[in-house]
Amino acid sequence: MKQYLATRAGAQVSLLCLVLFMTSMVLGDGVLTPAQLVLGAVYGLQVKTSVSQGVVVGIACAIVVMIFMIQSFGTGRIGVLFAPIVLIYFLCNLIIAITNMTRYNPRIFKLSFLGIAYPVLILTYLGQAAWLTQFPDQVSSTFYASIPYGDGFYWFVFVFATAAACVASQAMISAAFSIVKQSITLGCFPQLTIHHVSKKVISELLWAPSHIPEVNYVMMVLTVVTIAIFKTTIQLGNAYGVAVSSMLFGTTLLIYLVMLMIWETNFFLATAFFIGFGFIDMVFTTANLNKVPRGGWFALAIAGSVFLLSYLWWWGTSTKLKGVVAAQASPAELLSVRTCLHRCSEDAGPSHLWS
């Protein structure tokens with residue numbers, strides 16, 4: 001396969017298009033993730049109060065703007081603030097999960113501790129499952145509706161759930177900056193201003209945390225527009241699902257190619273990996289295809305626009321480079337010019353050569 005890619009221009013372009021499109025899907029996810037998470041967190045206001053959907057959308061947009069505006073401080077400084085928030089949020093989830101399991105379905109509690117789930121995430125899902133066995137009609141607001149211990153604890157969890165949504169959004173935004181920076185280095189994205197926000201040595205600058213103002217502001221505007229268009233997490237989830245499932249399958253395919261060509265993994269072992277994980281990813285991807293007309297088109301539109309920009313920039317850069325290389329004189333031509341100049345200087349003298 002490595003020889004095939006090395007000798008076939010069409011295969012190389014096809015692989016490049018696949019990589020660029022998956023990269024574009026990640027950048028699109030960098031818009032959808034903050035919108036989905038923040039809007040879902042702020043939705044908790046409607047569970048306990050009578051605020052309108054417009055108020056929820058407005059608050060979500062304000063929080064999103066705040067997230068993007070603090071990006072210039074750098075991931076390191078922001079992480080110092082976000083780390084305790086995530087810890088408290090996980091502890092809240094643990095309390096809610098154990099309470100729901102012991103109150104509504106003790107058998108799930110016993111099962112989880114005997115053989116499955118110590119991690120908080122699994123406990124959270126099991127706790128929500130236990131709660132839904134008693135209140136199956138409230139599936140759309142399971143997380144907030146299942147919070148026990150009265151209003152005081154509810155608003156405490158609401159604050160940290162919203163803050164945790166900001167943390168998760170930060171992860172995708174940082175990933176978007178990193179991907180754009182590497183795309184610029186590879187000649188697949190327009191040259192932009194890159195601010196290195198970490199005291200790293202030069203050799204580590206490619207991987208060091210960075211801030212790209214142009215990308216930051218474009219993503220901020222697109223995220224606010226996304227929230228204003230979809231308004232609810234149910235509709236936004238259609239676009240989010242298409243983006244995530246597509247990236248999962250594309251990532252599995254690219255890892256398979258890396259295993260074969262770079263890591264030189266045994267063919268049968270690599271193929272077994274691709275079949276196992278690729279099948280699961282393909283199931284999720286095909287299951288989300290029916291969401292394309294109901295909002296999934298938005299994720300594809302963002303990815304398609306970024307892909308078109310990246311491909312055209314790569315094509316233009318490659319064409320320019322080929323032209324520069326073709327216009328350069330060969331070593332033999334340079335030697336011939338040198339010999340001619342040497343003879344001219346001997347025959348006509350320095351003054352004639354200067355003229």
# chains A, B, ... in the order shown; residues from 1 in each chain; ligands from 1
call {"tool": "residues_around", "arguments": {"residues": "segment 174-191 of chain A", "least_positions_apart": "3", "cutoff": "10 Å", "atoms": "only C-alpha atoms", "output": "PDB file with C-alpha atoms, in the first residue's frame"}}
result
ATOM      1  CA  LEU A  16      -5.260  14.266   1.200  1.00  0.00           C
ATOM      2  CA  LEU A  20      -8.645  17.581   4.967  1.00  0.00           C
ATOM      3  CA  THR A  23      -9.868  18.036   9.770  1.00  0.00           C
ATOM      4  CA  SER A  24     -12.697  20.248   8.585  1.00  0.00           C
ATOM      5  CA  VAL A  26     -13.129  18.672  13.710  1.00  0.00           C
ATOM      6  CA  LEU A  27     -13.171  22.423  13.119  1.00  0.00           C
ATOM      7  CA  GLY A  28     -16.918  22.228  12.571  1.00  0.00           C
ATOM      8  CA  ASP A  29     -17.211  20.290  15.813  1.00  0.00           C
ATOM      9  CA  GLY A  30     -15.333  23.136  17.463  1.00  0.00           C
ATOM     10  CA  VAL A  31     -18.357  25.285  16.617  1.00  0.00           C
ATOM     11  CA  GLN A  71      -8.794  32.440  24.788  1.00  0.00           C
ATOM     12  CA  GLY A  74      -3.828  30.721  26.964  1.00  0.00           C
ATOM     13  CA  THR A  75      -4.827  27.179  27.835  1.00  0.00           C
ATOM     14  CA  SER A 169     -15.899  23.704  25.047  1.00  0.00           C
ATOM     15  CA  GLN A 170     -12.396  24.914  25.848  1.00  0.00           C
ATOM     16  CA  ALA A 171     -10.977  21.504  24.922  1.00  0.00           C
ATOM     17  CA  ILE A 194      -0.381  32.741  15.666  1.00  0.00           C
ATOM     18  CA  LEU A 205       6.283  25.324  19.160  1.00  0.00           C
ATOM     19  CA  LEU A 206       4.313  23.106  16.768  1.00  0.00           C
ATOM     20  CA  TRP A 207       2.663  21.366  19.714  1.00  0.00           C
ATOM     21  CA  ALA A 208       2.701  24.238  22.210  1.00  0.00           C
ATOM     22  CA  PRO A 209      -0.638  25.900  23.122  1.00  0.00           C
ATOM     23  CA  SER A 210      -1.451  28.724  20.741  1.00  0.00           C
ATOM     24  CA  HIS A 211      -4.085  31.352  20.114  1.00  0.00           C
ATOM     25  CA  ILE A 212      -5.162  32.309  16.594  1.00  0.00           C
ATOM     26  CA  PRO A 213      -7.322  35.462  16.809  1.00  0.00           C
ATOM     27  CA  VAL A 215      -9.977  31.547  13.948  1.00  0.00           C
ATOM     28  CA  ASN A 216     -11.173  32.451  17.431  1.00  0.00           C
ATOM     29  CA  MET A 219     -15.668  30.326  15.548  1.00  0.00           C
ATOM     30  CA  VAL A 306     -13.527  24.659   5.467  1.00  0.00           C
ATOM     31  CA  PHE A 307     -12.540  21.729   3.234  1.00  0.00           C
ATOM     32  CA  LEU A 309     -10.839  26.609   1.564  1.00  0.00           C
ATOM     33  CA  SER A 310      -8.116  24.153   2.634  1.00  0.00           C
ATOM     34  CA  TYR A 311      -8.035  22.258  -0.664  1.00  0.00           C
ATOM     35  CA  LEU A 312      -7.951  25.401  -2.810  1.00  0.00           C
ATOM     36  CA  TRP A 313      -5.157  26.838  -0.671  1.00  0.00           C
ATOM     37  CA  TRP A 314      -3.163  23.585  -0.939  1.00  0.00           C
ATOM     38  CA  TRP A 315      -3.745  23.462  -4.707  1.00  0.00           C
ATOM     39  CA  GLY A 316      -2.672  27.077  -5.162  1.00  0.00           C
ATOM     40  CA  THR A 317       0.405  26.661  -2.962  1.00  0.00           C
ATOM     41  CA  SER A 318       1.427  23.454  -4.743  1.00  0.00           C
TER      42      SER A 318
END
call {"tool": "closest_atom_pairs", "arguments": {"of": "segment 160-232 of chain A", "to": "segment 60-69 of chain A", "cutoff": "7 Å", "atoms": "only C-alpha atoms", "output": "tab-separated table"}}
result
residue	atom	partner	partner_atom	distance
A:Cys166	CA	A:Ile67	CA	6.7
A:Asn216	CA	A:Phe68	CA	6.4
A:Met220	CA	A:Phe68	CA	6.1
A:Val224	CA	A:Cys61	CA	5.4
A:Ile227	CA	A:Cys61	CA	6.9
call {"tool": "residues_around", "arguments": {"residues": "Phe284 of chain A", "least_positions_apart": "5", "cutoff": "9 Å", "atoms": "only C-alpha atoms", "output": "list in words"}}
result
Gly241, Val242, Ser245, Ser246, Leu248, Phe249, Phe279 and Leu289 of chain A
call {"tool": "atom_distance", "arguments": {"atom1": "atom CA of Ile95 of chain A", "atom2": "atom CA of Val38 of chain A"}}
result
22.2 Å
call {"tool": "closest_residue", "arguments": {"among": "A:Thr49, A:Gln36, A:Thr265, A:Gln3", "to": "Ala239 of chain A", "atoms": "only C-alpha atoms"}}
result
A:Gln36
call {"tool": "select_by_dssp", "arguments": {"residues": "segment 81-318 of chain A", "states": "alpha helix (DSSP H)", "output": "ChimeraX atom specification"}}
result
/A:81-104,106-111,120-134,142-145,150-185,213-230,233-261,267-287,296-318
call {"tool": "select_by_dssp", "arguments": {"residues": "segment 109-240 of chain A", "states": "strand (DSSP E or B)", "output": "list in words"}}
result
His195, His196, Ser210 and His211 of chain A
call {"tool": "residues_around", "arguments": {"residues": "Thr232 of chain A", "least_positions_apart": "5", "cutoff": "9 Å", "atoms": "only C-alpha atoms", "output": "PDB file with N, CA and C atoms, in the first residue's frame"}}
result
ATOM      1  N   GLN A  36     -23.723  23.159  21.698  1.00  0.00           N
ATOM      2  CA  GLN A  36     -24.516  22.063  22.266  1.00  0.00           C
ATOM      3  C   GLN A  36     -24.371  21.983  23.786  1.00  0.00           C
ATOM      4  N   LEU A  39     -25.681  25.371  25.655  1.00  0.00           N
ATOM      5  CA  LEU A  39     -27.141  25.465  25.559  1.00  0.00           C
ATOM      6  C   LEU A  39     -27.805  24.387  26.405  1.00  0.00           C
ATOM      7  N   GLY A  40     -27.220  23.184  26.416  1.00  0.00           N
ATOM      8  CA  GLY A  40     -27.773  22.116  27.241  1.00  0.00           C
ATOM      9  C   GLY A  40     -27.657  22.400  28.724  1.00  0.00           C
ATOM     10  N   TYR A  43     -30.117  25.161  29.772  1.00  0.00           N
ATOM     11  CA  TYR A  43     -31.497  24.670  29.720  1.00  0.00           C
ATOM     12  C   TYR A  43     -32.035  24.362  31.116  1.00  0.00           C
ATOM     13  N   GLN A  53     -37.601  30.502  26.163  1.00  0.00           N
ATOM     14  CA  GLN A  53     -36.502  29.931  25.389  1.00  0.00           C
ATOM     15  C   GLN A  53     -35.574  31.029  24.877  1.00  0.00           C
ATOM     16  N   VAL A  57     -31.502  31.148  25.227  1.00  0.00           N
ATOM     17  CA  VAL A  57     -30.631  31.346  24.072  1.00  0.00           C
ATOM     18  C   VAL A  57     -29.717  32.543  24.293  1.00  0.00           C
ATOM     19  N   ILE A 227     -26.379  28.734  17.806  1.00  0.00           N
ATOM     20  CA  ILE A 227     -27.337  28.731  18.921  1.00  0.00           C
ATOM     21  C   ILE A 227     -28.606  29.489  18.538  1.00  0.00           C
ATOM     22  N   GLY A 237     -28.673  18.744  18.332  1.00  0.00           N
ATOM     23  CA  GLY A 237     -28.097  17.408  18.448  1.00  0.00           C
ATOM     24  C   GLY A 237     -28.040  16.666  17.124  1.00  0.00           C
TER      25      GLY A 237
END
